[in-house]
>>> print(open('start_27.cif').read())   # mmCIF, C-alpha atoms
data_coords
loop_
_atom_site.label_atom_id
_atom_site.label_comp_id
_atom_site.auth_asym_id
_atom_site.auth_seq_id
_atom_site.Cartn_x
_atom_site.Cartn_y
_atom_site.Cartn_z
CA MET A 740 19.56 -34.02 -12.39
CA LEU A 741 19.05 -30.54 -11.00
CA LEU A 742 19.53 -28.90 -14.41
CA SER A 743 16.82 -31.12 -15.89
CA ILE A 744 14.36 -29.57 -13.42
CA ILE A 745 15.57 -25.95 -13.30
CA GLY A 746 15.74 -25.44 -17.09
CA PRO A 747 12.06 -26.24 -17.76
CA ILE A 748 11.01 -24.18 -14.73
CA PHE A 749 12.85 -21.17 -16.17
CA LEU A 750 11.16 -21.77 -19.54
CA VAL A 751 7.68 -21.90 -18.00
CA VAL A 752 8.28 -18.78 -15.90
CA GLY A 753 9.69 -16.99 -18.97
CA VAL A 754 6.64 -17.86 -21.05
CA GLY A 755 4.37 -16.64 -18.24
CA LEU A 756 6.24 -13.35 -18.06
CA LEU A 757 5.98 -12.92 -21.85
CA VAL A 758 2.23 -13.56 -21.69
CA GLY A 759 2.05 -10.86 -19.01
CA CYS A 760 4.15 -8.60 -21.26
CA PHE A 761 1.72 -8.97 -24.16
CA ALA A 762 -1.27 -8.34 -21.86
CA ALA A 763 0.40 -5.20 -20.45
CA PHE A 764 1.34 -4.10 -23.98
CA ASN A 765 -2.28 -4.43 -25.15
CA ARG A 766 -3.57 -2.61 -22.05
CA THR A 767 -1.09 0.23 -22.66
CA LYS A 768 -2.04 0.42 -26.34
CA ARG A 769 -5.75 0.65 -25.40
CA PHE A 770 -4.93 3.37 -22.86
CA LEU A 771 -3.04 5.38 -25.48
CA THR A 772 -5.88 5.20 -28.03
CA THR A 773 -8.28 7.02 -25.68
CA ALA A 774 -5.89 8.99 -23.45
CA ARG A 775 -6.01 12.76 -23.31
CA GLU A 776 -3.07 15.02 -22.63
CA ALA A 777 -3.01 17.58 -19.83
CA ARG A 778 -0.46 19.72 -18.04
CA ALA A 779 -0.01 18.81 -14.38
CA GLU A 780 1.70 20.60 -11.52
CA VAL A 781 3.75 18.72 -8.94
CA VAL A 782 2.11 19.70 -5.64
CA GLY A 783 4.03 17.32 -3.40
CA ILE A 784 6.27 14.29 -3.15
CA GLN A 785 5.13 11.08 -1.47
CA GLN A 786 7.86 8.92 0.01
CA ARG A 787 7.27 5.17 -0.08
CA HIS A 788 9.31 2.45 1.61
CA GLY A 789 10.16 -0.78 -0.15
CA GLY A 790 10.36 -4.25 1.33
CA ASN A 791 13.29 -3.31 3.53
CA SER A 792 13.32 -0.11 5.55
CA GLN A 793 16.29 1.35 3.63
CA SER A 794 14.68 1.16 0.19
CA ARG A 795 12.80 4.37 -0.64
CA SER A 796 11.16 5.85 -3.69
CA TYR A 797 9.69 9.28 -4.22
CA HIS A 798 6.42 9.60 -6.14
CA PRO A 799 5.20 12.97 -7.42
CA VAL A 800 1.74 14.11 -6.34
CA LEU A 801 0.20 15.67 -9.45
CA ARG A 802 -2.68 18.12 -9.79
CA TYR A 803 -4.29 18.56 -13.19
CA ARG A 804 -7.51 19.68 -14.80
CA THR A 805 -9.38 17.37 -17.18
CA GLN A 806 -10.84 18.67 -20.44
CA GLU A 807 -14.23 18.48 -18.72
CA GLY A 808 -12.99 20.94 -16.09
CA ALA A 809 -12.60 18.58 -13.10
CA THR A 810 -9.51 19.04 -10.94
CA LYS A 811 -7.73 15.83 -9.98
CA GLU A 812 -4.88 15.15 -7.58
CA VAL A 813 -3.15 11.80 -8.11
CA VAL A 814 0.06 10.17 -6.86
CA SER A 815 2.11 8.78 -9.74
CA ALA A 816 2.53 5.00 -9.65
CA VAL A 817 6.14 5.42 -10.83
CA GLY A 818 8.67 6.77 -8.36
CA SER A 819 12.42 7.24 -8.27
CA ASN A 820 15.32 7.72 -5.90
CA PRO A 821 16.48 10.45 -5.92
CA PRO A 822 13.24 12.30 -6.67
CA ARG A 823 12.92 13.12 -10.36
CA TYR A 824 10.54 16.06 -9.84
CA LYS A 825 10.20 18.82 -7.27
CA GLU A 826 7.22 20.82 -6.05
CA GLY A 827 6.17 23.43 -8.58
CA ASP A 828 7.40 21.48 -11.63
CA SER A 829 5.01 21.42 -14.58
CA ILE A 830 4.83 18.16 -16.55
CA VAL A 831 2.70 16.66 -19.29
CA ILE A 832 0.52 13.69 -18.35
CA LEU A 833 -1.88 11.36 -20.14
CA TYR A 834 -5.16 10.37 -18.50
CA ASP A 835 -8.12 8.16 -19.36
CA PRO A 836 -11.20 10.40 -19.84
CA ALA A 837 -13.48 7.57 -18.65
CA ARG A 838 -11.38 7.21 -15.46
CA PRO A 839 -9.50 10.50 -14.97
CA ASP A 840 -7.59 9.17 -11.95
CA ASP A 841 -5.90 6.66 -14.31
CA MET A 842 -2.97 8.77 -15.45
CA ARG A 843 0.63 8.37 -16.48
CA ILE A 844 3.42 10.87 -16.88
CA HIS A 845 3.87 11.35 -20.61
CA SER A 846 7.30 9.83 -21.19
CA PHE A 847 8.36 6.64 -22.93
CA GLY A 848 9.58 5.02 -19.71
CA ASN A 849 6.52 5.87 -17.63
CA VAL A 850 4.08 4.71 -20.29
CA TRP A 851 5.85 1.49 -21.32
CA ILE A 852 7.67 0.45 -18.09
CA VAL A 853 5.51 -2.60 -17.26
CA PRO A 854 5.62 -4.27 -20.71
CA LEU A 855 9.35 -3.51 -20.96
CA ILE A 856 10.20 -5.06 -17.61
CA LEU A 857 8.01 -8.12 -18.14
CA GLY A 858 9.33 -8.65 -21.68
CA GLY A 859 12.96 -8.16 -20.71
CA VAL A 860 12.86 -10.45 -17.69
CA GLY A 861 10.73 -13.00 -19.58
CA GLY A 862 13.21 -13.06 -22.46
CA ILE A 863 16.12 -13.60 -20.07
CA PHE A 864 14.29 -16.46 -18.33
CA ILE A 865 13.56 -18.12 -21.67
CA ILE A 866 17.19 -17.83 -22.82
CA VAL A 867 18.53 -19.19 -19.51
CA GLY A 868 15.90 -21.95 -19.49
CA ALA A 869 16.70 -22.92 -23.08
CA VAL A 870 20.45 -23.04 -22.37
CA LEU A 871 19.95 -25.09 -19.22
CA THR A 872 17.47 -27.46 -20.91
CA PHE A 873 18.86 -27.93 -24.40
CA VAL A 874 22.58 -27.15 -24.17
CA MET A 875 23.76 -28.07 -20.68
CA GLY A 876 21.17 -30.78 -20.16
CA ARG A 877 22.79 -33.02 -22.76
#
>>> encode(input="start_27.cif", output="structure tokens")
Amino acid sequence: MLLSIIGPIFLVVGVGLLVGCFAAFNRTKRFLTTAREARAEVVGIQQRHGGNSQSRSYHPVLRYRTQEGATKEVVSAVGSNPPRYKEGDSIVILYDPARPDDMRIHSFGNVWIVPLILGGVGGIFIIVGAVLTFVMGR
């Protein structure tokens, strides 16, 4: 009885995550078609706490100059523990010239992290849902 309910729920959640994956993939592709490259300096590290007080991540604060000459200072949306960068590091970033505060560190993981996570988790949910619905539900 319980498997007949859980399996389809996993399938629906998995499909929703894959839809989110494709939306994030398209948004990332659009970003990359217009993005410009710049060199940024790490001018600080911002510590953020997760849901529980022991979970921490460290986000680099980046200063860069756009091709138009404006100086921007932005906190990266992607952090790590331990910190991946230190003050004074120089890294390559990509930014949207129409919205220069919209930037990403130029690495495969930083650019594609959202579609990868959504696609991976969505795929797992679909596989588990299919097994629960069509194999174990018999």
>>> resolve_selection(input="start_27.cif", expression="the PyMOL selection byres ((chain A and resi 841-845) around 8)", output="VMD selection string")
chain A and resid 813 815 to 816 830 to 835 838 to 840 846 to 847 849 to 850
>>> write_last_selection(input="start_27.cif", atoms="C-alpha atoms", output="PDB file, in the coordinates of the input")
ATOM      1  CA  VAL A 813      -3.150  11.800  -8.110  1.00  0.00           C
ATOM      2  CA  SER A 815       2.110   8.780  -9.740  1.00  0.00           C
ATOM      3  CA  ALA A 816       2.530   5.000  -9.650  1.00  0.00           C
ATOM      4  CA  ILE A 830       4.830  18.160 -16.550  1.00  0.00           C
ATOM      5  CA  VAL A 831       2.700  16.660 -19.290  1.00  0.00           C
ATOM      6  CA  ILE A 832       0.520  13.690 -18.350  1.00  0.00           C
ATOM      7  CA  LEU A 833      -1.880  11.360 -20.140  1.00  0.00           C
ATOM      8  CA  TYR A 834      -5.160  10.370 -18.500  1.00  0.00           C
ATOM      9  CA  ASP A 835      -8.120   8.160 -19.360  1.00  0.00           C
ATOM     10  CA  ARG A 838     -11.380   7.210 -15.460  1.00  0.00           C
ATOM     11  CA  PRO A 839      -9.500  10.500 -14.970  1.00  0.00           C
ATOM     12  CA  ASP A 840      -7.590   9.170 -11.950  1.00  0.00           C
ATOM     13  CA  SER A 846       7.300   9.830 -21.190  1.00  0.00           C
ATOM     14  CA  PHE A 847       8.360   6.640 -22.930  1.00  0.00           C
ATOM     15  CA  ASN A 849       6.520   5.870 -17.630  1.00  0.00           C
ATOM     16  CA  VAL A 850       4.080   4.710 -20.290  1.00  0.00           C
TER      17      VAL A 850
END
>>> resolve_selection(input="start_27.cif", expression="the PyMOL selection byres ((chain A and resi 811) around 10)", output="list in words")
Ala779, Leu801, Arg802, Tyr803, Arg804, Thr805, Gly808, Ala809, Thr810, Glu812, Val813, Pro839 and Asp840 of chain A
>>> atom_distance(input="start_27.cif", atom1="atom CA of Leu757 of chain A", atom2="atom CA of Ser796 of chain A")
26.6 Å
>>> closest_residue(input="start_27.cif", among="A:Gly859, A:Phe761, A:Arg769, A:Asn820", to="His788 of chain A", atoms="only C-alpha atoms")
A:Asn820
>>> atom_distance(input="start_27.cif", atom1="atom CA of Pro836 of chain A", atom2="atom CA of Thr773 of chain A")
7.4 Å
>>> atom_distance(input="start_27.cif", atom1="atom CA of Val800 of chain A", atom2="atom CA of Glu776 of chain A")
17.0 Å
>>> closest_residue(input="start_27.cif", among="A:Ala837, A:Leu750, A:Leu857, A:Val782", to="Phe764 of chain A", atoms="only C-alpha atoms")
A:Leu857
>>> resolve_selection(input="start_27.cif", expression="the PyMOL selection byres ((chain A and resi 871) around 10)", output="PyMOL selection string")
chain A and resi 741-747+749-750+865-870+872-877
>>> closest_residue(input="start_27.cif", among="A:Gly818, A:Gln806, A:Ile852, A:Tyr824", to="Arg787 of chain A", atoms="all atoms listed in the file")
A:Gly818
>>> axis_aligned_box(input="start_27.cif", around="segment 751-770 of chain A", padding_each_side="8 Å", output="JSON")
{"center_x": 2.0, "center_y": -9.3, "center_z": -21.1, "size_x": 31.4, "size_y": 41.3, "size_z": 26.4}
>>> residues_around(input="start_27.cif", residues="Ile784 of chain A", least_positions_apart="6", cutoff="9 Å", atoms="only C-alpha atoms", output="PyMOL selection string")
chain A and resi 797-801+814+822+824-826
>>> closest_residue(input="start_27.cif", among="A:Ala774, A:Ile863, A:Val781, A:Leu855", to="Val752 of chain A", atoms="all atoms listed in the file")
A:Ile863
